[in-house]
Structure formats: C-alpha cells, structure tokens
Amino acid sequence: MTNPLDPAKLNAAMEDVHRAGMPGLFAEVRDGDQVWRGAAGVADVATGRPVTADMRHRVGSITKTFTVAAVLQQVERGQIGLDAPISRYLPKLVPGERGDAITVRMLINHTSGLAEYLPYAYPSLKGFPPFADTRPASLDDHRLTRFHSTELIEMGVTAPAVGAPGGSPGLYSNTNYLLLGALLEHVTGTPAEQYITRNVIERAGLRDTELPTTPYVNGPHSQMYEAWFGMIDPPRDYSVHDMSWVGPAASLISTVTDLNRFFGMLLAGEIVSPSSLAQMQRTVPVVSQEGKTIDYGLGLYPMEAAGQSTFWGHGGTVWGAGALAMIRADGKRQMAVAVNLQRWHRLDSSGTPQLHPIDDALAALYRVAMYG
C-alpha cells in the first residue's frame with residue numbers, strides 16, 4: 001500500500017530531476033481526497049520563466065488511451081467488432097489478405113505487424129530504429145507541414161511488415177492508431193478528432209485538453225526542448241509544430257490535472273464500460289520504440305514495483321515534450337508528470353542511448369509519487 005502524500009518528499013524529488021538536467025517539469029499527485037501539485041525549473045531557458053503546475057502541454061502517446069476509449073464506445077454500440085478484420089471497414093487502406101488477417105484488436109495492441117511510418121515521413125529519420133543512423137534535420141523541415149493521415153497510413157502499410165498479424169511480440173507502431181482514427185471516421189461519419197473531443201474529452205469534463213488544429217499551444221505553456229541524443233546542442237524549442245504527423249496517435253494537449261481526472265474516470269467505468277476496461281487491461285508483449293519489451297493492453301499498460309500495487313496508464317513523447325500518467329488499480333492513487341526536454345541521452349559507441357542522471361531522478365520521483 002502507499003503512504004499518504006508527503007509534499008516535502010515530492011518537492012525534493014522534483015528538484016532532483018531539475019538538478020539532474022531537466023529544464024522544467026510539473027506534476028499532480030492524488031491520494032483519495034488529497035491533491036498535491038508541484039513544479040520545478042524553467043519553462044524558458046532563455047528568460048528563466050518558471051514552469052507552473054497548471055501549464056498546458058503536449059502529452060504525446062497518452063493520446064492513444066483517448067482514441068481507444070472512443071473506439072471501445074463504438075464497440076459497445078455494436079458499430080465496431082473488436083476481433084473483426086480491418087478489411088470489413090477500410091478495405092482500401094489495408095487491402096488484400098493482410099486486411100483480412102489484421103483485426104481491430106491487433107491495431108490497438110500493436111500486434112498488426114504494420115511498420116512505423118515515421119522514417120518515411122521524416123527523411124532524416126530513415127535509419128530508425130537505430131538512433132545513430134538518424135539525424136534531426138526533418139524536425140525543422142516539417143515544423144509547419146500539414147500531413148494527411150491517409151498518406152502516412154500508406155507509408156506504413158506499404159513498408160516491409162515488421163511481423164505477422166497477431167504475432168508475438170508485437171511492435172509499437174503509430175500506423176496502427178492512424179488507422180483507428182480512419183476507422184472512427186468511417187463508422188461515425190465524423191472526423192476522429194471531433195468524435196474523440198465530443199465523446200471522450202468533453203464527456204470527461206476536461207476543460208484544458210484538446211486535439212489541436214493549429215501548430216500552436218494556446219494558453220500558459222512551456223517551451224519544449226528536443227536534444228535528439230545530443231545531435232541538437234543546445235536543445236531546440238519545438239513547442240510550435242504542426243501535429244498532423246501523429247494525429248489521433250499522439251497530438252493531444254492537456255494538463256496534469258486533466259490527465260488525472262481522465263484516468264480516474266476511466267478506471268471508474270465512466271468513460272467506457274467495466275467490460276471494455278477489462279479488455280483494455282488484457283496485455284501482450286510489445287517491443288517499444290526504445291527497443292524494450294513491455295506488457296501492452298488496449299491503450300493502457302501496467303507499471304509495478306516488487307511488492308507494490310499495480311498502476312495502469314500511458315506515457316508519451318513528441319518533439320521536446322513528454323508526460324506520464326498512472327493510476328493505481330483501485331483508482332485511489334494517481335500521478336501525472338510532464339517534462340520539457342526529450343531524448344536527453346547521448347549515444348555510446350554502439351549507438352545505444354546511455355543512462356543519464358535524469359533517468360534515475362525521474363524513476364525516484366515516480367516511486368515517491370506512486371508509493372510514497
């Protein structure tokens with residue numbers, strides 16, 4: 001079990017992350033009726049403007065949980081079959097035998113075998129997954145590029161498959177989630193972003209959360225610094241960026257308070273039904289984009305420490321920004337943390353990202369936030 005919130009320990013853990021090299025971070029931790037919010041460091045390294053806990057932030061792949069919630073609402077209404085082939089709905093986007101073999105569930109839990117489109121959309125990342133074979137130039141080239149999701153989907157579908165449909169382990173791929181956006185539009189007649197906004201974001205009463213339609217973050221926010229494994233030195237601000245490159249996979253803007261509210265309602269059965277939530281918590285092994293094998297469900301994954309309770313949630317990164325939101329299985333303890341620097345690791349001679357003091361400091365913060 002966890003201990004009650006300890007503001008002094010939480011503040012100290014936040015400051016340790018900042019001292020380890022993170023320009024700025026902010027968080028909210030809840031335990032029952034207790035709520036703690038804190039921030040450490042700066043939102044702008046040039047001016048010294050401080051971060052605050054109410055800032056809006058790009059939260060990356062936490063978007064996936066919102067998209068899955070929308071899809072499962074349609075499953076509950078009988079409009080989508082979770083184990084139906086994607087060819088039933090989108091035969092032109094995933095044609096032939098492959099479309100017949102890949103199910104909606106396989107898209108959600110990354111076992112479709114579809115490749116990641118990113119190295120094809122961003123030419124300087126074409127060497128991915130080895131990070132040493134990439135360069136960050138495309139991040140600047142595509143700051144204001146408006147991608148169309150069908151173009152990106154085609155890149156992922158026509159690229160060499162990374163596995164057989166339903167194979168194990170799966171491989172994390174944003175192509176899957178752009179297809180889920182197309183699926184939502186097909187069955188609802190509404191663009192995915194609009195459907196998710198009305199039926200997930202607004203349903204949860206999230207006032208500071210949106211799927212953006214412009215390259216800008218409205219309202220109080222931090223700069224978002226990308227280092228790309230030391231290849232951008234000093235790290236550069238990417239807070240202005242057209243997010244059509246990830247859409248319903250990773251474009252969400254939110255706050256730590258809204259994220260905790262959303263995951264609290266999700267686990268309470270107020271966004272999808274308890275049976276849908278049980279499906280979300282059925283995991284399979286999936287290789288993450290960092291090359292680690294994780295247990296992944298339907299837009300949720302677990303975090304646990306030896307002898308401690310299991311937490312469920314999702315993390316996310318985009319250029320310069322990252323976040324992690326987790327909730328204990330009983331719904332009573334939550335944390336949401338946002339950081340304003342990404343890919344702070346240097347690569348060793350083999351091209352492997354080296355551990356950095358930020359990693360240890362963040363892990364310590366998560367332990368204090370989740371377990372006291």
# chains A, B, ... in the order shown; residues from 1 in each chain; ligands from 1
>>> residues_around(residues="Ala69 in chain A", least_positions_apart="6", cutoff="12 Å", atoms="only C-alpha atoms", output="ChimeraX atom specification")
/A:62-63,75-76,108,180-181,184,192,195-197,199-201,203-204,248,262-263,265-267,269-274,276-277,279-280,298-300
>>> residues_around(residues="Asp33 in chain A", least_positions_apart="5", cutoff="12 Å", atoms="only C-alpha atoms", output="NGL selection string")
:A and (4-5 or 331-334)
>>> write_last_selection(atoms="all heavy atoms", output="mmCIF file, in the first residue's frame")
data_model
loop_
_atom_site.group_PDB
_atom_site.id
_atom_site.type_symbol
_atom_site.label_atom_id
_atom_site.label_comp_id
_atom_site.auth_asym_id
_atom_site.auth_seq_id
_atom_site.Cartn_x
_atom_site.Cartn_y
_atom_site.Cartn_z
ATOM 1 N N PRO A 4 0.493 8.210 2.720
ATOM 2 C CA PRO A 4 -0.150 9.485 2.381
ATOM 3 C C PRO A 4 0.828 10.402 1.643
ATOM 4 O O PRO A 4 2.046 10.229 1.714
ATOM 5 C CB PRO A 4 -0.541 10.055 3.750
ATOM 6 C CG PRO A 4 -0.610 8.870 4.655
ATOM 7 C CD PRO A 4 0.434 7.918 4.159
ATOM 8 N N LEU A 5 0.272 11.375 0.964
ATOM 9 C CA LEU A 5 1.120 12.315 0.224
ATOM 10 C C LEU A 5 2.061 13.038 1.172
ATOM 11 O O LEU A 5 1.659 13.484 2.250
ATOM 12 C CB LEU A 5 0.253 13.353 -0.495
ATOM 13 C CG LEU A 5 -0.688 12.846 -1.585
ATOM 14 C CD1 LEU A 5 -1.359 14.027 -2.280
ATOM 15 C CD2 LEU A 5 0.065 12.014 -2.599
ATOM 16 N N GLY A 331 -7.854 2.832 -8.182
ATOM 17 C CA GLY A 331 -8.275 4.178 -8.528
ATOM 18 C C GLY A 331 -7.982 5.240 -7.493
ATOM 19 O O GLY A 331 -8.304 6.416 -7.698
ATOM 20 N N LYS A 332 -7.330 4.879 -6.378
ATOM 21 C CA LYS A 332 -7.205 5.839 -5.273
ATOM 22 C C LYS A 332 -5.914 6.640 -5.270
ATOM 23 O O LYS A 332 -5.826 7.653 -4.581
ATOM 24 C CB LYS A 332 -7.369 5.103 -3.941
ATOM 25 C CG LYS A 332 -8.785 4.557 -3.750
ATOM 26 C CD LYS A 332 -8.939 3.842 -2.422
ATOM 27 C CE LYS A 332 -10.378 3.326 -2.270
ATOM 28 N NZ LYS A 332 -10.550 2.551 -1.017
ATOM 29 N N ARG A 333 -4.912 6.197 -6.003
ATOM 30 C CA ARG A 333 -3.643 6.930 -6.053
ATOM 31 C C ARG A 333 -3.301 7.197 -7.507
ATOM 32 O O ARG A 333 -3.385 6.287 -8.348
ATOM 33 C CB ARG A 333 -2.532 6.119 -5.392
ATOM 34 C CG ARG A 333 -1.170 6.816 -5.363
ATOM 35 C CD ARG A 333 -0.980 7.620 -4.102
ATOM 36 N NE ARG A 333 0.387 8.118 -3.959
ATOM 37 C CZ ARG A 333 0.941 8.495 -2.811
ATOM 38 N NH1 ARG A 333 0.247 8.440 -1.689
ATOM 39 N NH2 ARG A 333 2.184 8.940 -2.770
ATOM 40 N N GLN A 334 -2.950 8.429 -7.815
ATOM 41 C CA GLN A 334 -2.663 8.811 -9.196
ATOM 42 C C GLN A 334 -1.482 9.745 -9.275
ATOM 43 O O GLN A 334 -1.206 10.501 -8.337
ATOM 44 C CB GLN A 334 -3.863 9.566 -9.807
ATOM 45 C CG GLN A 334 -5.096 8.745 -10.020
ATOM 46 C CD GLN A 334 -6.157 9.574 -10.719
ATOM 47 O OE1 GLN A 334 -7.116 10.015 -10.090
ATOM 48 N NE2 GLN A 334 -6.003 9.791 -12.012
#
>>> select_by_dssp(residues="range 80-285 of chain A", states="alpha helix (DSSP H)", output="MDAnalysis selection string")
chainID A and resid 96:101 104:108 118:121 137:141 149:158 174:188 192:196 256:267 274:280
>>> write_last_selection(atoms="C-alpha atoms", output="short mmCIF file (atom, residue, chain, number, x, y, z; two decimals), in the first residue's frame")
data_model
loop_
_atom_site.label_atom_id
_atom_site.label_comp_id
_atom_site.auth_asym_id
_atom_site.auth_seq_id
_atom_site.Cartn_x
_atom_site.Cartn_y
_atom_site.Cartn_z
CA GLY A 96 -5.94 -7.97 -49.65
CA GLU A 97 -5.17 -10.87 -47.35
CA ARG A 98 -3.41 -8.60 -44.92
CA GLY A 99 -6.55 -6.58 -44.29
CA ASP A 100 -8.42 -9.84 -43.71
CA ALA A 101 -5.81 -11.03 -41.19
CA VAL A 104 -9.14 -4.05 -34.81
CA ARG A 105 -7.69 -5.50 -31.59
CA MET A 106 -4.33 -6.07 -33.31
CA LEU A 107 -4.22 -2.41 -34.30
CA ILE A 108 -4.94 -1.33 -30.74
CA LEU A 118 7.71 7.96 -39.25
CA PRO A 119 11.03 7.11 -41.01
CA TYR A 120 9.24 7.51 -44.36
CA ALA A 121 7.54 10.81 -43.49
CA ALA A 137 17.02 17.87 -39.73
CA SER A 138 13.47 16.76 -40.64
CA LEU A 139 12.14 18.03 -37.33
CA ASP A 140 12.81 21.55 -38.58
CA ASP A 141 11.85 20.84 -42.18
CA SER A 149 -3.36 10.75 -42.42
CA THR A 150 -4.06 8.59 -45.49
CA GLU A 151 -0.60 9.48 -46.86
CA LEU A 152 1.03 8.45 -43.60
CA ILE A 153 -1.04 5.26 -43.36
CA GLU A 154 0.02 4.31 -46.88
CA MET A 155 3.67 4.76 -45.92
CA GLY A 156 3.26 2.35 -43.01
CA VAL A 157 1.12 -0.19 -44.87
CA THR A 158 3.38 -0.35 -47.94
CA ASN A 174 1.79 4.77 -34.83
CA THR A 175 0.43 3.48 -38.15
CA ASN A 176 -1.99 1.37 -36.12
CA TYR A 177 -3.50 4.40 -34.44
CA LEU A 178 -3.88 6.48 -37.58
CA LEU A 179 -5.89 3.53 -38.91
CA LEU A 180 -8.02 3.62 -35.74
CA GLY A 181 -8.69 7.29 -36.47
CA ALA A 182 -9.78 6.39 -40.01
CA LEU A 183 -11.95 3.61 -38.55
CA LEU A 184 -13.69 6.03 -36.20
CA GLU A 185 -14.39 8.41 -39.06
CA HIS A 186 -15.74 5.55 -41.20
CA VAL A 187 -18.22 4.27 -38.61
CA THR A 188 -19.31 7.61 -37.11
CA ALA A 192 -11.85 11.18 -35.44
CA GLU A 193 -10.63 14.29 -33.66
CA GLN A 194 -14.17 15.68 -33.46
CA TYR A 195 -15.62 12.38 -32.26
CA ILE A 196 -12.94 11.98 -29.56
CA VAL A 256 -1.61 17.11 -15.40
CA THR A 257 -4.92 17.84 -13.64
CA ASP A 258 -6.97 16.88 -16.70
CA LEU A 259 -4.95 13.70 -17.20
CA ASN A 260 -5.58 12.58 -13.64
CA ARG A 261 -9.27 13.37 -13.99
CA PHE A 262 -9.49 11.36 -17.23
CA PHE A 263 -7.72 8.25 -15.92
CA GLY A 264 -9.72 8.41 -12.70
CA MET A 265 -12.98 8.41 -14.64
CA LEU A 266 -11.71 5.71 -16.99
CA LEU A 267 -10.92 3.28 -14.19
CA PRO A 274 -16.28 -2.16 -16.98
CA SER A 275 -16.13 -4.96 -19.55
CA SER A 276 -14.34 -2.66 -22.01
CA LEU A 277 -11.93 -1.61 -19.27
CA ALA A 278 -11.21 -5.30 -18.62
CA GLN A 279 -10.33 -5.67 -22.32
CA MET A 280 -8.00 -2.66 -22.04
#
>>> residues_around(residues="range 345-356 of chain A", least_positions_apart="4", cutoff="12 Å", atoms="only C-alpha atoms", output="ChimeraX atom specification")
/A:17,20-22,127-134,226-233,235,290-291,341,360-363
>>> residues_around(residues="range 39-46 of chain A", least_positions_apart="6", cutoff="8 Å", atoms="only C-alpha atoms", output="ChimeraX atom specification")
/A:11,14-15,18,22-27,52-53,221-223,340
>>> closest_residue(among="A:Pro302, A:Pro136, A:Pro160, A:Pro191", to="Ala329 in chain A", atoms="only C-alpha atoms")
A:Pro302
>>> closest_residue(among="A:Ile294, A:Met224, A:Ala84, A:Ile358", to="Pro169 in chain A", atoms="only C-alpha atoms")
A:Ile294
>>> select_by_dssp(residues="range 180-279 of chain A", states="strand (DSSP E or B)", output="number ranges by chain")
A: 210, 221, 225-226, 236-237, 253-254
